[in-house]
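Student: The following file, protein_6.cif, comprises mmCIF, C-alpha atoms and all ligand atoms:
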```
data_structure
#
loop_
_atom_site.label_atom_id
_atom_site.label_comp_id
_atom_site.auth_asym_id
_atom_site.auth_seq_id
_atom_site.Cartn_x
_atom_site.Cartn_y
_atom_site.Cartn_z
CA MET A 1 52.09 -51.06 8.72
CA THR A 2 50.88 -50.02 12.17
CA ALA A 3 47.22 -50.22 13.14
CA PRO A 4 45.27 -47.05 12.31
CA ILE A 5 44.49 -44.66 15.13
CA THR A 6 40.90 -43.56 15.58
CA ILE A 7 40.22 -39.85 15.27
CA ALA A 8 36.91 -38.53 16.58
CA LEU A 9 35.31 -36.37 13.90
CA LYS A 10 32.42 -33.91 14.19
CA ARG A 11 30.50 -33.02 11.06
CA LEU A 12 29.53 -29.35 11.05
CA PRO A 13 26.21 -28.21 9.52
CA HIS A 14 27.86 -27.10 6.27
CA GLY A 15 29.63 -30.47 6.06
CA GLU A 16 26.37 -32.36 5.61
CA GLY A 17 26.57 -34.67 2.62
CA LEU A 18 30.33 -34.45 2.16
CA PRO A 19 32.49 -37.61 2.17
CA LEU A 20 34.76 -38.20 5.16
CA PRO A 21 38.48 -37.71 4.47
CA ALA A 22 39.61 -41.04 3.05
CA TYR A 23 42.57 -42.86 1.52
CA ALA A 24 42.11 -43.16 -2.24
CA THR A 25 44.12 -46.41 -2.39
CA ASP A 26 45.34 -49.04 0.07
CA GLY A 27 48.87 -47.64 0.04
CA ALA A 28 48.02 -43.94 0.12
CA ALA A 29 49.76 -41.99 2.90
CA GLY A 30 47.28 -39.15 2.90
CA MET A 31 43.50 -38.99 3.21
CA ASP A 32 41.95 -36.75 0.58
CA VAL A 33 39.80 -34.00 2.05
CA VAL A 34 37.20 -32.08 0.07
CA ALA A 35 36.09 -28.45 0.06
CA ALA A 36 32.85 -27.50 1.81
CA GLU A 37 32.51 -24.23 -0.09
CA ASP A 38 32.93 -22.68 -3.53
CA VAL A 39 35.92 -20.38 -3.85
CA ASP A 40 37.43 -18.65 -6.86
CA LEU A 41 41.12 -18.13 -6.28
CA ALA A 42 42.61 -15.34 -8.35
CA PRO A 43 46.30 -15.59 -9.32
CA GLY A 44 48.26 -14.89 -6.13
CA GLY A 45 45.10 -15.24 -4.04
CA ARG A 46 44.78 -17.12 -0.74
CA HIS A 47 41.79 -18.49 1.14
CA ALA A 48 41.22 -20.68 4.21
CA VAL A 49 38.82 -23.15 2.62
CA ALA A 50 36.16 -24.68 4.88
CA THR A 51 36.04 -28.48 5.11
CA GLY A 52 32.92 -28.90 7.25
CA PHE A 53 34.72 -31.11 9.81
CA ALA A 54 36.35 -30.74 13.22
CA PHE A 55 38.51 -33.37 14.92
CA ALA A 56 39.75 -34.57 18.28
CA ILE A 57 43.11 -36.08 17.38
CA PRO A 58 44.43 -38.44 20.10
CA ALA A 59 47.14 -36.95 22.32
CA GLY A 60 50.59 -37.74 20.95
CA TYR A 61 49.52 -37.36 17.32
CA GLU A 62 49.06 -34.56 14.80
CA ILE A 63 47.63 -34.24 11.34
CA GLN A 64 49.79 -32.74 8.63
CA VAL A 65 47.95 -30.97 5.80
CA ARG A 66 49.73 -31.36 2.50
CA PRO A 67 49.05 -30.18 -1.06
CA ARG A 68 47.91 -32.48 -3.84
CA SER A 69 50.63 -32.83 -6.44
CA GLY A 70 48.19 -32.88 -9.36
CA LEU A 71 46.75 -29.49 -8.43
CA ALA A 72 50.27 -28.15 -7.87
CA LEU A 73 51.60 -29.37 -11.22
CA LYS A 74 48.59 -28.57 -13.39
CA HIS A 75 47.38 -25.36 -11.77
CA GLY A 76 50.04 -24.04 -9.35
CA ILE A 77 47.68 -24.60 -6.42
CA SER A 78 49.51 -25.15 -3.14
CA LEU A 79 49.30 -24.53 0.59
CA PRO A 80 51.47 -21.62 1.80
CA ASN A 81 51.90 -23.24 5.22
CA THR A 82 52.62 -26.75 3.99
CA PRO A 83 52.68 -28.97 5.87
CA GLY A 84 49.93 -27.36 7.91
CA THR A 85 49.82 -28.56 11.50
CA ILE A 86 46.58 -29.68 13.14
CA ASP A 87 47.18 -29.90 16.88
CA SER A 88 45.61 -32.65 18.98
CA ASP A 89 43.92 -30.02 21.18
CA TYR A 90 42.34 -28.08 18.29
CA ARG A 91 38.56 -28.38 18.19
CA GLY A 92 37.78 -25.79 15.53
CA GLU A 93 36.98 -26.51 11.90
CA LEU A 94 39.76 -27.89 9.74
CA LYS A 95 40.54 -25.21 7.16
CA ILE A 96 42.78 -25.73 4.18
CA ILE A 97 44.83 -22.61 3.47
CA MET A 98 45.16 -22.57 -0.30
CA ILE A 99 47.22 -20.31 -2.53
CA ASN A 100 47.11 -19.90 -6.27
CA LEU A 101 50.68 -19.69 -7.55
CA GLY A 102 49.51 -20.15 -11.12
CA GLN A 103 48.75 -17.53 -13.74
CA ASP A 104 45.06 -18.31 -14.14
CA SER A 105 42.13 -18.01 -11.79
CA PHE A 106 41.26 -21.37 -10.19
CA ALA A 107 37.77 -22.50 -9.26
CA ILE A 108 37.37 -24.64 -6.14
CA ARG A 109 33.94 -26.22 -5.93
CA ARG A 110 32.24 -27.88 -2.96
CA GLY A 111 33.17 -31.57 -3.02
CA ASP A 112 36.47 -31.06 -4.85
CA ARG A 113 39.45 -32.86 -3.31
CA ILE A 114 41.76 -30.02 -2.28
CA ALA A 115 44.43 -31.45 0.04
CA GLN A 116 45.53 -34.58 1.87
CA LEU A 117 45.78 -35.30 5.58
CA VAL A 118 48.66 -37.33 6.97
CA ALA A 119 48.37 -38.56 10.58
CA ALA A 120 51.72 -38.67 12.37
CA PRO A 121 53.08 -39.31 15.86
CA VAL A 122 54.54 -36.30 17.66
CA GLN A 123 57.84 -36.61 19.51
CA MET A 124 57.77 -34.10 22.34
CA ALA A 125 61.06 -32.45 23.36
CA ARG A 126 62.32 -29.90 25.83
CA PHE A 127 65.35 -27.60 25.78
CA SER A 128 68.14 -27.87 28.32
CA GLU A 129 70.24 -24.68 28.43
CA VAL A 130 74.03 -25.29 28.62
CA PRO A 131 77.04 -22.90 28.59
CA GLU A 132 78.81 -24.69 25.68
CA LEU A 133 77.80 -27.21 23.00
CA ASP A 134 79.89 -30.26 22.08
CA ASP A 135 82.30 -30.15 19.10
CA THR A 136 81.34 -31.68 15.76
CA VAL A 137 82.95 -31.97 12.30
CA ARG A 138 80.38 -29.55 10.88
CA GLY A 139 80.75 -27.09 13.70
CA LEU A 140 79.33 -23.69 12.76
CA GLY A 141 79.14 -24.50 9.02
CA GLY A 142 75.73 -24.53 7.39
CA PHE A 143 73.69 -23.07 4.58
CA GLY A 144 75.68 -24.72 1.78
CA SER A 145 79.02 -25.01 3.59
CA THR A 146 79.69 -28.61 2.57
CA GLY A 147 81.14 -29.58 -0.81
CA VAL A 148 82.53 -26.08 -1.44
CA LYS A 149 85.90 -26.15 -3.24
CA SER A 150 88.56 -24.16 -1.47
CA GLY A 151 90.79 -21.71 -3.39
O1 LIG A 201 46.34 -25.50 7.64
C1 LIG A 201 45.90 -25.37 8.80
C2 LIG A 201 46.72 -25.04 9.89
C3 LIG A 201 46.15 -24.90 11.15
N1 LIG A 201 44.82 -25.10 11.33
C4 LIG A 201 44.22 -25.02 12.65
C5 LIG A 201 44.53 -26.28 13.45
C6 LIG A 201 45.71 -25.90 14.30
O2 LIG A 201 45.77 -26.68 15.47
C7 LIG A 201 45.41 -24.44 14.54
C8 LIG A 201 46.61 -23.61 14.86
O3 LIG A 201 47.53 -23.77 13.82
P1 LIG A 201 49.02 -23.22 13.97
O4 LIG A 201 49.58 -23.62 15.29
O5 LIG A 201 49.76 -23.59 12.74
O6 LIG A 201 48.72 -21.67 13.92
P2 LIG A 201 49.34 -20.43 14.64
O7 LIG A 201 49.44 -19.38 13.61
O8 LIG A 201 50.60 -20.79 15.39
O9 LIG A 201 48.16 -20.04 15.61
P3 LIG A 201 47.85 -20.40 17.12
O10 LIG A 201 48.41 -19.26 17.90
O11 LIG A 201 46.36 -20.49 17.18
O12 LIG A 201 48.51 -21.73 17.43
O13 LIG A 201 44.80 -23.95 13.36
C9 LIG A 201 43.99 -25.45 10.26
O14 LIG A 201 42.79 -25.65 10.39
N2 LIG A 201 44.57 -25.56 9.02
#
```
Once more with this new file: its structure as structure tokens, please.

Tutor:
Amino acid sequence: MTAPITIALKRLPHGEGLPLPAYATDGAAGMDVVAAEDVDLAPGGRHAVATGFAFAIPAGYEIQVRPRSGLALKHGISLPNTPGTIDSDYRGELKIIMINLGQDSFAIRRGDRIAQLVAAPVQMARFSEVPELDDTVRGLGGFGSTGVKSG
């Protein structure tokens, strides 16, 4: 396990009293983050749920916002943009974009754990335009091209 990075965090006025995002167990990959507001999500409904926190993630890192499997399995609650990307230069409030894919209305209450945050290094890349690409076995095949019986 690598040493944890330190992420500067600013608590916004409506985040007063809320727990910091935290790992629930020693081996957890994601830090649970809680809602800073009450929201009733109708079936099919979406909402960017306030968390009450803003971050300054160190350059070279991102935070990925992922759903909680328990909410997904029991209630059909997910994140339409999963994994959400929190950029290192973003200084606004972390919002968790939640969607109700279930058949019942779902009540989110301030303090409920609604998603998990995974810190990850970012590999930067750049494109180099070329006239032709090299040959490979796969070539142009994709989208289910392998393992297809011929004839
Ligand atoms: O679930 C999310 C996803 C994004 N953000 C914030 C942090 C992120 O750095 C910023 C922009 O996100 P993204 O790049 O995914 O959005 P975009 O639609 O491409 O907008 P922009 O043009 O602002 O980059 O919005 C959140 O708070 N929650």

Student: For the interface of chain A with ligand LIG 201 (chain A) (cut-off 10 Å, counting all atoms listed in the file), please tabulate each contacting residue of chain A alongside its nearest pair of atoms and their separation in Å to one decimal, rows sorted by chain and increasing number, as JSON lines.

Tutor:
```
{"residue": "A:Ala48", "atom": "CA", "partner": "A:LIG201", "partner_atom": "N2", "distance": 7.6}
{"residue": "A:Val49", "atom": "CA", "partner": "A:LIG201", "partner_atom": "N2", "distance": 8.9}
{"residue": "A:Ala50", "atom": "CA", "partner": "A:LIG201", "partner_atom": "O14", "distance": 8.7}
{"residue": "A:Thr51", "atom": "CA", "partner": "A:LIG201", "partner_atom": "O14", "distance": 9.0}
{"residue": "A:Phe53", "atom": "CA", "partner": "A:LIG201", "partner_atom": "O14", "distance": 9.8}
{"residue": "A:Ala54", "atom": "CA", "partner": "A:LIG201", "partner_atom": "O14", "distance": 8.7}
{"residue": "A:Phe55", "atom": "CA", "partner": "A:LIG201", "partner_atom": "C5", "distance": 9.4}
{"residue": "A:Ile57", "atom": "CA", "partner": "A:LIG201", "partner_atom": "O2", "distance": 10.0}
{"residue": "A:Glu62", "atom": "CA", "partner": "A:LIG201", "partner_atom": "O2", "distance": 8.6}
{"residue": "A:Ile63", "atom": "CA", "partner": "A:LIG201", "partner_atom": "C5", "distance": 8.8}
{"residue": "A:Gln64", "atom": "CA", "partner": "A:LIG201", "partner_atom": "O1", "distance": 8.1}
{"residue": "A:Val65", "atom": "CA", "partner": "A:LIG201", "partner_atom": "O1", "distance": 6.0}
{"residue": "A:Arg66", "atom": "CA", "partner": "A:LIG201", "partner_atom": "O1", "distance": 8.5}
{"residue": "A:Leu79", "atom": "CA", "partner": "A:LIG201", "partner_atom": "O1", "distance": 7.7}
{"residue": "A:Pro80", "atom": "CA", "partner": "A:LIG201", "partner_atom": "O1", "distance": 8.7}
{"residue": "A:Asn81", "atom": "CA", "partner": "A:LIG201", "partner_atom": "O1", "distance": 6.5}
{"residue": "A:Thr82", "atom": "CA", "partner": "A:LIG201", "partner_atom": "O1", "distance": 7.4}
{"residue": "A:Pro83", "atom": "CA", "partner": "A:LIG201", "partner_atom": "O1", "distance": 7.4}
{"residue": "A:Gly84", "atom": "CA", "partner": "A:LIG201", "partner_atom": "O1", "distance": 4.1}
{"residue": "A:Thr85", "atom": "CA", "partner": "A:LIG201", "partner_atom": "C2", "distance": 5.0}
{"residue": "A:Ile86", "atom": "CA", "partner": "A:LIG201", "partner_atom": "O2", "distance": 3.9}
{"residue": "A:Asp87", "atom": "CA", "partner": "A:LIG201", "partner_atom": "O2", "distance": 3.8}
{"residue": "A:Ser88", "atom": "CA", "partner": "A:LIG201", "partner_atom": "O2", "distance": 6.9}
{"residue": "A:Asp89", "atom": "CA", "partner": "A:LIG201", "partner_atom": "O2", "distance": 6.9}
{"residue": "A:Tyr90", "atom": "CA", "partner": "A:LIG201", "partner_atom": "O2", "distance": 4.7}
{"residue": "A:Arg91", "atom": "CA", "partner": "A:LIG201", "partner_atom": "O2", "distance": 7.9}
{"residue": "A:Gly92", "atom": "CA", "partner": "A:LIG201", "partner_atom": "C5", "distance": 7.1}
{"residue": "A:Glu93", "atom": "CA", "partner": "A:LIG201", "partner_atom": "O14", "distance": 6.1}
{"residue": "A:Leu94", "atom": "CA", "partner": "A:LIG201", "partner_atom": "O14", "distance": 3.8}
{"residue": "A:Lys95", "atom": "CA", "partner": "A:LIG201", "partner_atom": "O14", "distance": 4.0}
{"residue": "A:Ile96", "atom": "CA", "partner": "A:LIG201", "partner_atom": "O1", "distance": 5.0}
{"residue": "A:Ile97", "atom": "CA", "partner": "A:LIG201", "partner_atom": "O1", "distance": 5.3}
{"residue": "A:Met98", "atom": "CA", "partner": "A:LIG201", "partner_atom": "O1", "distance": 8.5}
{"residue": "A:Ala115", "atom": "CA", "partner": "A:LIG201", "partner_atom": "O1", "distance": 9.8}
```

Student: Find the spatial neighbours of stretch 122-133 of chain A, counting all atoms listed in the file, within a cut-off of 7 Å - ignore same-chain residues fewer than 2 positions away - and output them as a PyMOL selection string.

Tutor: chain A and resi 60-62+120+135

Student: Rounded to one decimal place, report the atom CA of A:Ser78-atom CA of A:Ala107 distance in Å.

Tutor: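 Taking atom CA of A:Ser78 and atom CA of A:Ala107, their separation equals 13.5 Å.
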
Student: How far is it from atom CA of A:Ile114 to atom CA of A:Ala22, in Å with one decimal?

Tutor: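 Interatomic distance here is 12.4 Å.
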
Student: Can you find the residues with an atom no farther than 6 Å from (50.8, -17.5, -10.6), counting only C-alpha atoms, and report them as a ChimeraX atom specification?

Tutor: /A:43-44,101-103

Student: In terms of the shortest atom-to-atom distance over all atoms listed in the file, which of A:Pro121, A:Gly30, A:Gly17, A:Gly52 is closest to A:Arg68?

Tutor: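 That would be A:Gly30, the residue with the smallest distance to A:Arg68.
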
Student: Looking at all atoms listed in the file, which of A:Val34, A:Ala59, A:Pro4, A:Thr25 is the one that sits closest to A:Asp112?

Tutor: A:Val34

Student: Given the choices A:Ala56, A:Ile99, A:Val148, A:Ala28, which gets closest to A:Ala72 if the distance is worked out from only C-alpha atoms?

Tutor: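 Of A:Ala56, A:Ile99, A:Val148, A:Ala28, the one nearest A:Ala72 is A:Ile99, counting only C-alpha atoms.
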
Student: Do you have the atom CA of A:Met31-atom CA of A:Ser105 distance handy?

Tutor: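 Going from atom CA of A:Met31 over to atom CA of A:Ser105, I get 25.8 Å.
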
Student: Which residues are close to A:Tyr23, i.e. within 10 Å by only C-alpha atoms, leaving aside same-chain residues fewer than 6 positions away? Reply as a list in words.

Tutor: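 Here the qualifying residues turn out to be Ala29, Gly30, Met31, Asp32, Val33, Gln116, Leu117 and Val118 of chain A.
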
Student: Rank nothing, just name the residue among A:Asp40, A:Ser145, A:Gly111, A:Gly45 nearest to A:Glu16, using only C-alpha atoms.

Tutor: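 Selected residue with least distance to A:Glu16: A:Gly111.
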